[in-house]
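Shown next: final.cif, given as mmCIF, C-alpha atoms.
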data_protein
#
loop_
_atom_site.label_atom_id
_atom_site.label_comp_id
_atom_site.auth_asym_id
_atom_site.auth_seq_id
_atom_site.Cartn_x
_atom_site.Cartn_y
_atom_site.Cartn_z
CA MET L 1 0.00 0.00 0.00
CA ASN L 2 1.31 3.38 -0.93
CA VAL L 3 0.51 5.66 2.01
CA ARG L 4 1.30 9.27 1.32
CA VAL L 5 2.08 11.49 4.28
CA PHE L 6 0.75 14.92 3.62
CA PHE L 7 1.24 18.25 5.25
CA LEU L 8 -1.07 21.23 5.18
CA CYS L 9 -0.26 24.83 4.85
CA GLY L 10 -1.98 26.71 7.66
CA ALA L 11 -3.72 29.98 7.26
CA ALA L 12 -1.17 32.72 6.61
CA LEU L 13 -0.71 35.74 8.86
CA TRP L 14 -2.73 38.62 7.59
CA ALA L 15 -1.28 40.94 4.97
CA ALA L 16 -0.86 44.70 5.33
CA ALA L 17 -3.91 46.97 5.61
CA ALA L 18 -6.25 46.78 2.58
CA VAL L 19 -6.33 49.58 0.05
CA ALA L 20 -9.68 51.41 -0.17
CA GLN L 21 -11.80 50.40 -3.17
CA GLU L 22 -12.58 52.52 -6.22
CA ALA L 23 -15.44 55.01 -6.26
CA GLY L 24 -18.74 53.46 -5.24
CA ALA L 25 -17.13 51.00 -2.84
CA THR L 26 -17.50 51.31 0.89
CA ARG L 27 -14.53 53.09 2.44
CA ALA L 28 -12.53 51.16 5.04
CA ARG L 29 -13.57 51.69 8.64
CA HIS L 30 -11.32 51.08 11.66
CA PHE L 31 -12.59 50.21 15.13
CA SER L 32 -9.76 50.39 17.66
CA ALA L 33 -9.63 48.55 20.97
CA GLY L 34 -9.22 50.88 23.90
CA ASP L 35 -5.83 51.39 25.50
CA ASP L 36 -7.31 50.46 28.88
CA GLY L 37 -7.35 46.79 27.81
CA GLY L 38 -11.12 46.49 27.53
CA GLY L 39 -12.86 44.99 24.54
CA THR L 40 -14.51 47.24 21.98
CA PRO L 41 -18.10 46.55 20.88
CA VAL L 42 -18.79 46.30 17.14
CA ASN L 43 -22.13 46.89 15.42
CA GLU L 44 -21.87 47.59 11.70
CA ILE L 45 -23.80 46.91 8.47
CA ARG L 46 -22.40 46.77 4.94
CA PRO L 47 -24.12 45.97 1.61
CA LEU L 48 -23.17 42.73 -0.16
CA ASP L 49 -24.55 41.27 -3.39
CA PRO L 50 -26.29 37.87 -3.18
CA ASP L 51 -23.36 36.33 -5.09
CA GLY L 52 -20.72 38.67 -3.64
CA ARG L 53 -17.53 37.46 -1.95
CA LEU L 54 -17.01 37.93 1.79
CA SER L 55 -13.58 37.38 3.31
CA VAL L 56 -13.26 37.24 7.11
CA LYS L 57 -9.92 37.02 8.95
CA THR L 58 -9.63 36.82 12.72
CA VAL L 59 -7.36 35.59 15.50
CA ALA L 60 -8.30 34.16 18.90
CA GLY L 61 -11.88 33.80 20.06
CA THR L 62 -15.02 32.85 18.16
CA LEU L 63 -16.46 33.48 14.73
CA ALA L 64 -20.15 32.77 14.05
CA VAL L 65 -21.55 33.25 10.54
CA THR L 66 -25.26 32.85 9.73
CA GLY L 67 -26.96 33.13 6.35
CA TRP L 68 -30.05 35.30 5.90
CA GLU L 69 -32.14 36.64 3.01
CA ARG L 70 -30.88 40.24 3.09
CA ASN L 71 -28.29 41.72 0.71
CA GLN L 72 -26.12 43.02 3.51
CA VAL L 73 -23.63 41.93 6.13
CA GLN L 74 -24.31 42.74 9.76
CA ILE L 75 -21.28 42.55 12.07
CA THR L 76 -21.73 42.51 15.84
CA GLY L 77 -19.65 41.39 18.82
CA THR L 78 -16.53 42.63 20.59
CA LEU L 79 -12.83 42.95 19.84
CA GLY L 80 -10.45 41.28 22.26
CA ALA L 81 -8.23 43.32 24.56
CA GLY L 82 -4.96 44.18 22.85
CA THR L 83 -6.47 44.08 19.37
CA GLU L 84 -5.43 47.07 17.30
CA ARG L 85 -8.56 47.41 15.19
CA LEU L 86 -11.24 45.76 13.08
CA GLU L 87 -10.87 46.74 9.45
CA ILE L 88 -13.84 46.62 7.06
CA SER L 89 -13.16 47.35 3.41
CA GLY L 90 -14.64 46.76 -0.01
CA GLY L 91 -18.00 47.13 -1.67
CA PRO L 92 -21.16 45.19 -2.53
CA SER L 93 -19.36 42.73 -4.82
CA GLU L 94 -16.40 41.99 -2.54
CA LEU L 95 -16.10 42.74 1.16
CA THR L 96 -13.28 42.07 3.65
CA VAL L 97 -13.52 42.01 7.44
CA ALA L 98 -10.21 41.59 9.30
CA VAL L 99 -9.08 41.70 12.93
CA LYS L 100 -5.72 43.49 13.10
CA LEU L 101 -3.08 43.09 15.79
CA PRO L 102 -0.48 45.77 16.66
CA HIS L 103 2.27 43.52 15.32
CA PRO L 104 2.03 40.20 13.42
CA THR L 105 4.00 38.37 16.14
CA ARG L 106 1.85 39.62 19.01
CA THR L 107 -1.31 38.03 20.36
CA GLY L 108 -4.44 39.79 21.50
CA GLY L 109 -7.39 38.88 23.65
CA GLU L 110 -10.24 36.77 22.34
CA SER L 111 -12.58 38.51 19.91
CA ASP L 112 -16.21 37.48 19.50
CA LEU L 113 -17.54 38.21 16.02
CA ARG L 114 -21.06 37.40 14.83
CA LEU L 115 -21.93 37.97 11.19
CA MET L 116 -25.26 37.79 9.35
CA VAL L 117 -24.54 37.38 5.63
CA PRO L 118 -26.44 36.82 2.35
CA ALA L 119 -27.12 33.08 2.32
CA THR L 120 -25.83 32.61 -1.25
CA ALA L 121 -22.66 34.72 -0.88
CA ARG L 122 -19.20 33.24 -1.48
CA LEU L 123 -17.53 32.90 1.94
CA GLU L 124 -13.80 32.71 2.67
CA LEU L 125 -12.90 32.40 6.36
CA GLU L 126 -9.39 32.42 7.87
CA THR L 127 -8.72 32.06 11.58
CA VAL L 128 -5.95 31.35 14.08
CA SER L 129 -6.90 30.05 17.55
CA ALA L 130 -10.60 30.70 16.98
CA ASN L 131 -13.62 28.40 16.92
CA ILE L 132 -15.90 28.70 13.89
CA ALA L 133 -19.62 28.06 13.46
CA VAL L 134 -21.36 28.55 10.09
CA ARG L 135 -25.10 28.02 9.69
CA GLY L 136 -27.51 28.54 6.79
CA ALA L 137 -24.89 29.23 4.10
CA ARG L 138 -25.87 28.13 0.57
CA GLY L 139 -22.99 29.59 -1.44
CA PRO L 140 -19.43 28.26 -1.93
CA LEU L 141 -17.55 28.03 1.37
CA LYS L 142 -13.78 27.99 1.96
CA VAL L 143 -12.26 27.78 5.45
CA ASN L 144 -8.61 27.82 6.58
CA THR L 145 -7.94 27.56 10.29
CA ILE L 146 -5.15 26.84 12.78
CA SER L 147 -6.08 25.60 16.26
CA GLY L 148 -9.85 25.82 16.39
CA ASP L 149 -12.91 23.60 16.22
CA MET L 150 -15.49 24.01 13.45
CA LEU L 151 -19.20 23.32 13.12
CA LEU L 152 -20.50 23.84 9.57
CA THR L 153 -24.25 23.42 9.03
CA VAL L 154 -24.50 24.36 5.38
CA ASP L 155 -26.07 23.52 2.02
CA THR L 156 -23.34 24.57 -0.38
CA PRO L 157 -22.33 23.52 -3.90
CA ARG L 158 -18.62 23.56 -2.97
CA LEU L 159 -16.85 23.15 0.35
CA ALA L 160 -13.10 23.45 0.93
CA VAL L 161 -11.61 23.13 4.43
CA GLN L 162 -8.03 23.10 5.68
CA THR L 163 -7.54 22.74 9.41
CA VAL L 164 -4.59 22.24 11.74
CA SER L 165 -5.30 21.05 15.30
CA GLY L 166 -9.06 21.12 15.61
CA ASP L 167 -12.12 18.91 15.23
CA LEU L 168 -14.44 19.45 12.27
CA THR L 169 -18.15 18.68 12.12
CA VAL L 170 -20.00 19.14 8.82
CA ARG L 171 -23.77 18.76 8.56
CA GLY L 172 -25.06 19.60 5.12
CA ALA L 173 -25.57 18.69 1.50
CA ALA L 174 -22.37 19.93 -0.12
CA ALA L 175 -22.17 18.42 -3.63
CA GLU L 176 -18.38 18.76 -3.85
CA ALA L 177 -16.04 18.80 -0.86
CA GLN L 178 -12.27 18.82 -0.22
CA ILE L 179 -11.34 18.45 3.45
CA ASP L 180 -7.78 18.29 4.85
CA SER L 181 -6.87 18.00 8.53
CA VAL L 182 -3.58 17.55 10.40
CA SER L 183 -4.71 16.87 13.97
CA GLY L 184 -8.41 16.50 14.57
CA ASP L 185 -11.42 14.27 14.15
CA LEU L 186 -13.71 14.62 11.14
CA HIS L 187 -17.46 14.12 11.55
CA LEU L 188 -19.13 14.41 8.14
CA SER L 189 -22.83 13.92 7.46
CA GLY L 190 -25.15 14.90 4.64
CA LEU L 191 -22.47 15.35 1.99
CA LYS L 192 -22.98 13.88 -1.47
CA GLY L 193 -21.46 13.76 -4.96
CA ARG L 194 -17.67 14.07 -4.96
CA VAL L 195 -15.83 14.13 -1.62
CA ALA L 196 -12.14 13.89 -0.74
CA ALA L 197 -11.20 13.94 2.96
CA GLN L 198 -7.95 13.17 4.74
CA THR L 199 -6.57 13.52 8.26
CA VAL L 200 -3.16 12.74 9.76
CA SER L 201 -3.98 12.01 13.40
CA GLY L 202 -7.73 11.86 13.80
CA ASN L 203 -10.72 9.61 13.30
CA LEU L 204 -13.00 10.00 10.30
CA GLU L 205 -16.75 9.41 10.48
CA LEU L 206 -18.90 9.80 7.37
CA ALA L 207 -22.57 9.24 6.60
CA GLY L 208 -24.59 10.51 3.67
CA GLY L 209 -24.82 10.37 -0.06
CA PRO L 210 -25.50 9.42 -2.70
CA PHE L 211 -21.82 9.64 -3.65
CA SER L 212 -20.26 9.26 -7.08
CA ASP L 213 -16.61 9.60 -6.00
CA LEU L 214 -15.47 9.16 -2.39
CA ARG L 215 -11.75 9.25 -1.53
CA LEU L 216 -10.72 9.04 2.12
CA LYS L 217 -7.36 8.80 3.94
CA THR L 218 -6.16 8.63 7.52
CA ILE L 219 -2.69 8.06 8.97
CA SER L 220 -3.38 7.14 12.60
CA GLY L 221 -7.14 7.17 12.92
CA ASP L 222 -10.11 4.88 12.36
CA MET L 223 -12.75 5.25 9.66
CA ARG L 224 -16.45 4.57 10.23
CA LEU L 225 -18.41 4.93 7.01
CA GLN L 226 -22.13 4.72 6.20
CA PRO L 227 -22.46 5.97 2.61
CA THR L 228 -25.01 5.45 -0.14
CA PHE L 229 -23.95 5.57 -3.77
CA GLN L 230 -24.93 6.52 -7.26
CA HIS L 231 -24.30 3.96 -9.98
CA PRO L 232 -21.58 3.81 -11.04
CA ALA L 233 -19.49 5.07 -8.12
CA VAL L 234 -16.03 4.71 -6.55
CA LEU L 235 -14.99 4.46 -2.90
CA ASP L 236 -11.26 4.54 -2.19
CA GLY L 237 -10.34 4.36 1.51
CA GLU L 238 -6.81 4.14 2.91
CA SER L 239 -5.42 4.02 6.45
CA LEU L 240 -1.92 3.45 7.82
CA SER L 241 -2.57 2.35 11.41
CA GLY L 242 -6.33 2.55 11.81
CA ASP L 243 -9.34 0.27 11.35
CA ILE L 244 -11.90 0.76 8.58
CA PHE L 245 -15.57 -0.11 9.14
CA LEU L 246 -17.90 0.21 6.15
CA HIS L 247 -21.67 -0.20 6.37
CA LEU L 248 -23.44 -0.61 3.01
CA PRO L 249 -27.11 -0.95 2.00
CA ALA L 250 -28.13 -4.60 1.58
CA ASP L 251 -29.05 -4.08 -2.09
CA VAL L 252 -25.68 -2.63 -3.17
CA VAL L 253 -24.23 -4.05 -6.39
CA GLY L 254 -20.50 -3.88 -7.09
CA THR L 255 -17.03 -5.14 -6.25
CA ALA L 256 -14.91 -4.78 -3.10
CA LEU L 257 -11.13 -5.17 -3.06
CA LEU L 258 -9.70 -5.30 0.50
CA LYS L 259 -6.05 -5.25 1.52
CA SER L 260 -4.46 -5.35 4.99
CA PHE L 261 -0.82 -6.25 5.68
CA SER L 262 -1.06 -7.05 9.41
CA GLY L 263 -4.77 -6.89 10.11
CA VAL L 264 -7.93 -8.82 9.30
CA ALA L 265 -9.92 -7.98 6.15
CA GLN L 266 -13.42 -9.42 5.94
CA CYS L 267 -16.76 -8.86 4.25
CA ASP L 268 -20.21 -10.44 4.21
CA HIS L 269 -19.60 -14.13 5.02
CA THR L 270 -22.33 -15.19 2.58
CA LEU L 271 -20.25 -14.01 -0.37
CA PRO L 272 -17.52 -16.05 -2.04
CA VAL L 273 -14.06 -14.55 -1.62
CA ARG L 274 -11.24 -14.61 -4.12
CA GLU L 275 -7.73 -14.49 -2.65
CA LEU L 276 -5.34 -12.36 -4.73
CA PRO L 277 -1.58 -11.76 -4.52
CA GLY L 278 -0.35 -9.17 -2.01
CA LYS L 279 -2.86 -10.11 0.72
CA LYS L 280 -5.80 -8.83 -1.31
CA ARG L 281 -9.32 -10.22 -1.07
CA GLU L 282 -12.05 -9.62 -3.65
CA TYR L 283 -15.80 -9.78 -3.06
CA VAL L 284 -18.54 -9.33 -5.67
CA TRP L 285 -22.17 -8.31 -5.10
CA GLY L 286 -24.61 -9.08 -7.91
CA ASP L 287 -23.07 -8.56 -11.34
CA GLY L 288 -20.27 -6.41 -9.86
CA GLN L 289 -21.04 -3.45 -12.13
CA GLY L 290 -22.33 -0.78 -9.70
CA VAL L 291 -19.96 0.40 -6.96
CA THR L 292 -16.19 -0.14 -6.92
CA VAL L 293 -14.84 -0.30 -3.35
CA GLN L 294 -11.11 -0.33 -2.58
CA LEU L 295 -10.05 -0.34 1.07
CA SER L 296 -6.53 -0.77 2.41
CA SER L 297 -4.83 -0.58 5.80
CA PHE L 298 -1.26 -1.36 6.78
CA SER L 299 -1.78 -2.38 10.41
CA GLY L 300 -5.52 -2.14 10.95
CA ASP L 301 -8.58 -4.32 10.40
CA ILE L 302 -11.07 -3.84 7.56
CA ARG L 303 -14.68 -4.90 7.87
CA ILE L 304 -17.64 -4.45 5.52
CA GLU L 305 -21.20 -5.04 6.68
CA ARG L 306 -24.38 -4.92 4.58
CA LYS L 307 -27.74 -4.15 6.11
#
Translate the structure described by the file into structure tokens.
Amino acid sequence: MNVRVFFLCGAALWAAAAVAQEAGATRARHFSAGDDGGGTPVNEIRPLDPDGRLSVKTVAGTLAVTGWERNQVQITGTLGAGTERLEISGGPSELTVAVKLPHPTRTGGESDLRLMVPATARLELETVSANIAVRGARGPLKVNTISGDMLLTVDTPRLAVQTVSGDLTVRGAAAEAQIDSVSGDLHLSGLKGRVAAQTVSGNLELAGGPFSDLRLKTISGDMRLQPTFQHPAVLDGESLSGDIFLHLPADVVGTALLKSFSGVAQCDHTLPVRELPGKKREYVWGDGQGVTVQLSSFSGDIRIERK
């Protein structure tokens, strides 16, 4: 088995202050935290087109984003003590909200930001040491975070997540998803279509579908999978030192190829098994033409159950 160790690039430290937009765009506004160390309240509204792009960048604290049916962004909450300012720049087609620190190497207190956004807007979120919750978003969603948990309850056409050191829970019907994690558990439900997910040191749980292309990897975590599939479809699951448990509908038609070097690989005992070179075992359901399943683990067990 060829197990590829991957590394993620975390969210970058924020760039220099944004340049004000051309005429017609909203001028940048700064909200500075007081020198007495207290947090500064924020309550602002900006226009944003239904398909506009919203970029949010914050450090330390919490970020909650909720979709609504208005063509504007409402920003409330407080800035953490030691934060230099909150910068809001851009216009209705592209808006940026960023928490700024006095110096890139310094840390500030925890900020609490709550945003109401057009439900179909394109969202790009970047955080360091902040927990994220997104609810009611129906536009494309991209999230990069270092050291923070995430709860995404969304119905988006495209989802892209990169996380370092934090658990991720996704509940929603994303039709295309790319999820990468270094140190955290992945809990994925409601996804469908094409999904690729991988984690270095965390467990992966997935339920949903129907899927056409499902590609999953872990290094030192278990997989527990309950997918449904289109026909035809592909499931490719790979683990280095974790177990893989796959639950399939009883009427699934297709082929399963299982491979484990130092673990046990087994499927429905009512099916004939064909032993292949390299510790591979092949099982066939029906005419074998529906779903192609390939599961491999170096030092873990593999088990498929149909129900």
Enumerate, as a JSON list (two decimals) with C-alpha atoms, keeping the file's coordinate frame, the residues matched when the PyMOL selection byres ((chain L and resi 274) around 12) is run on the file above.
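And here's out.json as it stands now:
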[["chain", "number", "residue", "atom", "x", "y", "z"],
["L", 255, "THR", "CA", -17.03, -5.14, -6.25],
["L", 256, "ALA", "CA", -14.91, -4.78, -3.10],
["L", 257, "LEU", "CA", -11.13, -5.17, -3.06],
["L", 258, "LEU", "CA", -9.70, -5.30, 0.50],
["L", 266, "GLN", "CA", -13.42, -9.42, 5.94],
["L", 267, "CYS", "CA", -16.76, -8.86, 4.25],
["L", 271, "LEU", "CA", -20.25, -14.01, -0.37],
["L", 272, "PRO", "CA", -17.52, -16.05, -2.04],
["L", 273, "VAL", "CA", -14.06, -14.55, -1.62],
["L", 275, "GLU", "CA", -7.73, -14.49, -2.65],
["L", 276, "LEU", "CA", -5.34, -12.36, -4.73],
["L", 277, "PRO", "CA", -1.58, -11.76, -4.52],
["L", 279, "LYS", "CA", -2.86, -10.11, 0.72],
["L", 280, "LYS", "CA", -5.80, -8.83, -1.31],
["L", 281, "ARG", "CA", -9.32, -10.22, -1.07],
["L", 282, "GLU", "CA", -12.05, -9.62, -3.65],
["L", 283, "TYR", "CA", -15.80, -9.78, -3.06],
["L", 284, "VAL", "CA", -18.54, -9.33, -5.67]]
Looking at L:Ala64, L:Ala175, L:Met116, L:Val161, which one is nearest to Pro47 of chain L, with distances taken over all atoms listed in the file? L:Met116
If we count all atoms listed in the file, what is near Leu214 of chain L at a cut-off of 7 Å, once residues fewer than 5 positions away on the same chain are taken out, given as a PyMOL selection string? chain L and resi 194-196+234-236
Using only C-alpha atoms, which of L:Gly190, L:Lys100, L:Phe261, L:Val293 sits nearest Gly278 of chain L?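 Of L:Gly190, L:Lys100, L:Phe261, L:Val293, the one nearest Gly278 of chain L, counting only C-alpha atoms, is L:Phe261.
With atom CA of Glu69 of chain L on one side and atom CA of Ala98 of chain L on the other, the separation reads 23.3 Å.
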d(atom CA of Gly52 of chain L, atom CA of Val128 of chain L) in Å: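 For atom CA of Gly52 of chain L relative to atom CA of Val128 of chain L, the distance reads 24.2 Å.
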Closest to Arg158 of chain L among L:Pro140, L:Gly61, L:Pro50, L:Gly91, using only C-alpha atoms? L:Pro140
Distance atom CA of Gln289 of chain L-atom CA of Ala265 of chain L, one decimal place?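 If I compute the distance from atom CA of Gln289 of chain L to atom CA of Ala265 of chain L, I get 21.9 Å.
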Using the chain letters and numbering of this document, enumerate as a ChimeraX atom specification the residues selected by the PyMOL selection byres ((chain L and resi 216) around 6). /L:196-198,215,217,237
Evaluated on this file, the PyMOL selection byres ((chain L and resi 48) around 9) picks out some residues - which ones are they, written as a PDB file with C-alpha atoms, keeping the file's coordinate frame?
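part-v2.pdb, written as the output of this step:
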ATOM      1  CA  ARG L  46     -22.400  46.770   4.940  1.00  0.00           C
ATOM      2  CA  PRO L  47     -24.120  45.970   1.610  1.00  0.00           C
ATOM      3  CA  ASP L  49     -24.550  41.270  -3.390  1.00  0.00           C
ATOM      4  CA  PRO L  50     -26.290  37.870  -3.180  1.00  0.00           C
ATOM      5  CA  ASP L  51     -23.360  36.330  -5.090  1.00  0.00           C
ATOM      6  CA  GLY L  52     -20.720  38.670  -3.640  1.00  0.00           C
ATOM      7  CA  ARG L  53     -17.530  37.460  -1.950  1.00  0.00           C
ATOM      8  CA  LEU L  54     -17.010  37.930   1.790  1.00  0.00           C
ATOM      9  CA  ARG L  70     -30.880  40.240   3.090  1.00  0.00           C
ATOM     10  CA  ASN L  71     -28.290  41.720   0.710  1.00  0.00           C
ATOM     11  CA  GLN L  72     -26.120  43.020   3.510  1.00  0.00           C
ATOM     12  CA  VAL L  73     -23.630  41.930   6.130  1.00  0.00           C
ATOM     13  CA  GLY L  91     -18.000  47.130  -1.670  1.00  0.00           C
ATOM     14  CA  PRO L  92     -21.160  45.190  -2.530  1.00  0.00           C
ATOM     15  CA  SER L  93     -19.360  42.730  -4.820  1.00  0.00           C
ATOM     16  CA  GLU L  94     -16.400  41.990  -2.540  1.00  0.00           C
ATOM     17  CA  LEU L  95     -16.100  42.740   1.160  1.00  0.00           C
ATOM     18  CA  VAL L 117     -24.540  37.380   5.630  1.00  0.00           C
ATOM     19  CA  PRO L 118     -26.440  36.820   2.350  1.00  0.00           C
ATOM     20  CA  ALA L 121     -22.660  34.720  -0.880  1.00  0.00           C
TER      21      ALA L 121
END
Near Lys142 of chain L, within 8 Å and counting all atoms listed in the file, which residues show up once chain neighbours fewer than 5 positions away are dropped, as a list in words?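 With the cut-off at 8 Å, the set is Leu123, Glu124, Leu125, Leu159, Ala160 and Val161 of chain L.
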Show which residues sit within 12 Å of Ser220 of chain L, as number ranges by chain. Count only C-alpha atoms, and ignore same-chain residues fewer than 6 positions away. L: 3, 5, 182-185, 198-204, 238-244, 297-300
